[in-house]
Every structure is written in structure tokens, then in C-alpha cells.
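Asks: Dumping the structure here so I can ask a few things about it.
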Amino acid sequence: MARVLVTRRLPDGGIDPLVAAGHDVVARDDDRPLSPDELRDAVRAVDAVVCLLTDRIDAAVIRAGSPRLRVVANVAVGFDNVDVAAAHGAGVAVCNTPGVLDETTADLAFLLILAASRLASEAEADLRDGRWLGWGINQYLGRDVHGATLGLVGYGRIGSAVARRAAGFDMRVLHHTRTDTGLPGWRADLDQMLGESDVVSLHVPLSDATRHLIDARRLALLRPTAVLVNTSRGPIVDEEALAAALEDGRLFAAGLDVFEREPEVHPRLLAAPRTVLLPHIGSASIATRTRMARLACEGAVAVLAGEQPANLVRR
Ligand code: GLV
């Protein structure tokens with residue numbers, strides 16, 4: 001029997017794999033993220049940690065857990081919050097939750113594509129605040145999604161799930177990846193694709209190579225009629241530059257589910273026109289969040305049993 005820390009409350013049934021395997025689960029009733037000090041303390045006497053993307057599992061946390069800690073299972077597909085090199089260096093395995101959240105996240109990306117293109121947030125805010133004084137032919141004029149060109153930055157499981165939805169809206173779909181997918185619509189040159197797209201949706205993991213991938217220079221390549229959607233990680237976009245582009249009308253609209261410094265949202269983005277801003281709910285359906293929790297716990301159980309789970313992070 002191993003001792004497993006679960007850093008925040010998981011959806012009902014989420015920790016079942018740990019319980020079924022007979023592990024001693026150190027669960028918190030609280031949904032507040034542990035502070036860095038609390039996290040370092042909490043990992044000192046455990047064999048495994050099941051954590052969330054709000055936990056920064058850095059080298060200091062890994063050191064605090066060593067040598068007993070054997071696995072860190074992140075309840076998220078993205079694992080930029082985990083120092084994988086430090087973990088692997090200390091012999092600690094890392095697991096994530098690939099495959100179970102693709103469709104749910106693609107649904108949300110599409111929601112943002114539609115809501116941002118059709119100015120849904122601004123229109124609803126006016127209605128709720130009593131500013132809508134009656135139908136008008138020139139009100140809330142958005143941009144058509146059907147028939148538009150969608151540029152997907154990244155074409156993994158989530159990007160391709162967005163492409164399938166786009167086909168139903170008669171969109172022309174382009175995608176950029178570093179290596180040729182061999183599929184129709186592949187663009188080797190990101191800059192060229194940005195200039196060709198009416199809607200750009202981001203589906204790349206956060207790494208040193210993708211931090212501020214969409215910076216002021218690339219925002220300037222977008223058409224003034226374009227819509228930018230981000231459901232990946234906030235730091236992929238330079239928020240300051242994005243706010244400036246929206247303020248100056250150099251970009252039609254933006255739909256964002258992720259932010260550079262969550263839970264803070266850049267005040268200029270909050271004030272910027274034509275934005276739909278959501279609090280990182282890409283994978284937030286009951287079924288998907290439960291599947292994610294279970295998959296992470298299954299990964300931890302497998303590593304503790306000396307097995308190599310399919311959701312092991314290999315780099
Ligand atoms: C959510 O953002 C995830 O990476 O799973």
C-alpha cells in the first residue's frame with residue numbers, strides 16, 4: 001500500500017482507482033490550491049502525487065518528495081506546470097490525461113469561435129444591463145462563421161477535433177504544424193497561414209518554443225476582420241499586444257479560455273472590445289473532468305505497481 005497525495009478535491013468517483021488499488025489516499029476537502037510551501041510540505045512523505053494544473057511541481061517540490069516520491073500524475077493533458085526534466089532526473093515518473101478531453105475542449109473552442117465571431121458576450125451584456133432598447137438592423141453585426149477560413153495552429157487530437165466541427169459549418173480548414181501532416185490544408189509557414197485565415201484557433205502545448213508564439217508581429221499579420229481563439233495555454237499569446245490590437249481595431253474579436261497569469265486577467269483585456277473571456281473551462285464537463293481524474297489516478301496506480309501506463313509523459 002502506497003501513500004498518495006491528491007492536492008485538491010476531485011470530481012466524485014475521481015479517486016476510485018486509488019481506492020480500488022488499496023492505496024492510502026491523502027485527500028483534501030478543500031478546493032483551494034496549496035501554496036508552494038504547503039505543497040513542498042505535503043509531498044514529503046508520499047509515494048505519489050495526483051495534482052492539478054494550478055500546482056507548480058517544480059524542482060523544489062520534486063526535491064522535497066525525494067527519494068520516496070515515485071510518480072506525479074497531473075489531471076490535465078498539458079503538463080507545463082510540471083518540471084518533467086527535474087522529475088525524470090530524480091527518477092519520478094510523470095503522467096497526464098491525453099485523449100479523454102479532446103472532444104469537450106474542441107466543443108469549447110467552437111463555442112468561442114461562434115461567440116466571438118457573433119459578438120455574443122457584448123450583446124448579452126447589453127441585454128442584461130438594460131442597454132438593449134430594441135431590435136436594430138445595424139446592431140451587433142458580427143462575422144459569419146460558415147464559409148470562413150479557419151487556421152488551426154497545432155493539429156493534434158484537439159486541433160483535428162475542431163477541424164471536424166468546422167467541416168459541419170462549411171469552413172475551409174488550414175492547419176500549421178512543424179512537420180508535414182500530409183493532409184490537405186497543411187501550411188508549412190505559420191505567418192502565411194495567419195494572413196490567410198478568418199478565424200485562428202490555437203492548439204499547441206506551452207513550451208519555450210511556443211511562449212508568445214502569437215506576439216505583436218504575428219498579430220499584425222492577421223486580417224483586421226480576423227477572430228483569434230485560445231483554448232490552449234495563456235502564455236502562447238502576448239496579452240498586452242492582443243489587447244492593443246483589439247483596442248485599435250486591428251483585430252475583429254478574440255475568444256479566450258486561458259490567460260497568461262491565471263487567475264488574473266489582464267485589465268486591458270477585461271476592458272477590450274469584442275472579447276469573450278471564459279475562466280479556463282475547456283474540459284469542464286462532468287463526464288470529462290471525471291474521466292481525467294480517473295485516468296491520472298490510474299496512471300499513478302500503474303506506476304506504483306511497477307507498470308508503464310499509456311499516459312506516461314516520455315520526454
Ligand atoms: C487543461 O487545460 C488541460 O491541459 O487538461
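Within each chain, counting starts at residue 1; across the C-alpha cells, chains are named A, B, ... in the order shown, with ligands numbered 1 upward in that order.
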Leaving out Leu256 of chain A and any residue of its chain fewer than 6 positions from it, which residues lie within 12 Å of it when counting only C-alpha atoms, given as a VMD selection string?

Replies: chain A and resid 108 to 113 115 to 116 121 200 to 202 227 to 237 239 242 to 243 262 265 to 266 269 to 270 274 to 282

Asks: Compile the contact shell of Ala244 of chain A as number ranges by chain: residues with an atom at most 10 Å away, counting only C-alpha atoms, same-chain residues fewer than 3 positions apart removed.

Replies: A: 216, 219, 239-241, 247-251, 268-269, 272

Asks: Would you kindly return, as a VMD selection string, each protein, DNA or RNA residue with an atom no farther than 12 Å from any atom of Val92 of chain A, considering only C-alpha atoms and excluding same-chain residues fewer than 3 positions away?

Replies: chain A and resid 47 to 49 57 59 61 to 63 65 to 73 82 to 89 95 300 303 to 304 312 to 314

Asks: Of the candidates A:Arg8, A:Arg128, A:Arg178, A:His146, which one gets nearest to Ala166 of chain A if we count only C-alpha atoms?

Replies: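 The answer is A:His146, which sits nearest to Ala166 of chain A.
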
Asks: Residues within 6 Å of ligand 1, counting only C-alpha atoms and all ligand atoms: report them as a VMD selection string.

Replies: chain A and resid 76 to 78

Asks: Given the selection you just returned, output its residues as a file containing N, CA, C and O atoms, formatted as a compact mmCIF listing (two decimals), in the first residue's frame.

Replies:
# COMPACT_ATOMS: atom_id res chain seq x y z
N ALA A 76 -4.54 16.79 -16.17
CA ALA A 76 -4.61 17.73 -17.30
C ALA A 76 -3.81 17.10 -18.43
O ALA A 76 -2.90 16.30 -18.17
N VAL A 77 -4.14 17.47 -19.65
CA VAL A 77 -3.31 16.97 -20.75
C VAL A 77 -2.03 17.79 -20.84
O VAL A 77 -0.95 17.26 -21.09
N GLY A 78 -2.14 19.11 -20.61
CA GLY A 78 -0.94 19.95 -20.61
C GLY A 78 -0.17 19.72 -19.32
O GLY A 78 -0.77 19.52 -18.27

Asks: Would you work out the distance separating atom CA of Asn138 of chain A from atom CA of Glu122 of chain A, expressed in Å to one decimal?

Replies: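 The value is 14.3 Å.
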
Asks: One decimal, Å: what's the distance from atom CA of Asp144 of chain A over to atom CA of Arg172 of chain A, could you say?

Replies: 12.7 Å

Asks: Pick out each residue of segment 205-298 of chain A that DSSP on the backbone tags as strand (DSSP E or B); I need them as a list of chain:residue names.

Replies: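 DSSP-assigned strand (DSSP E or B) residues in segment 205-298 of chain A: A:Ile214, A:Val227, A:Leu228, A:Val229, A:Asn230, A:Val237, A:Ala253, A:Ala254, A:Gly255, A:Leu256, A:Arg261, A:Glu264, A:Thr275, A:Val276, A:Leu277.
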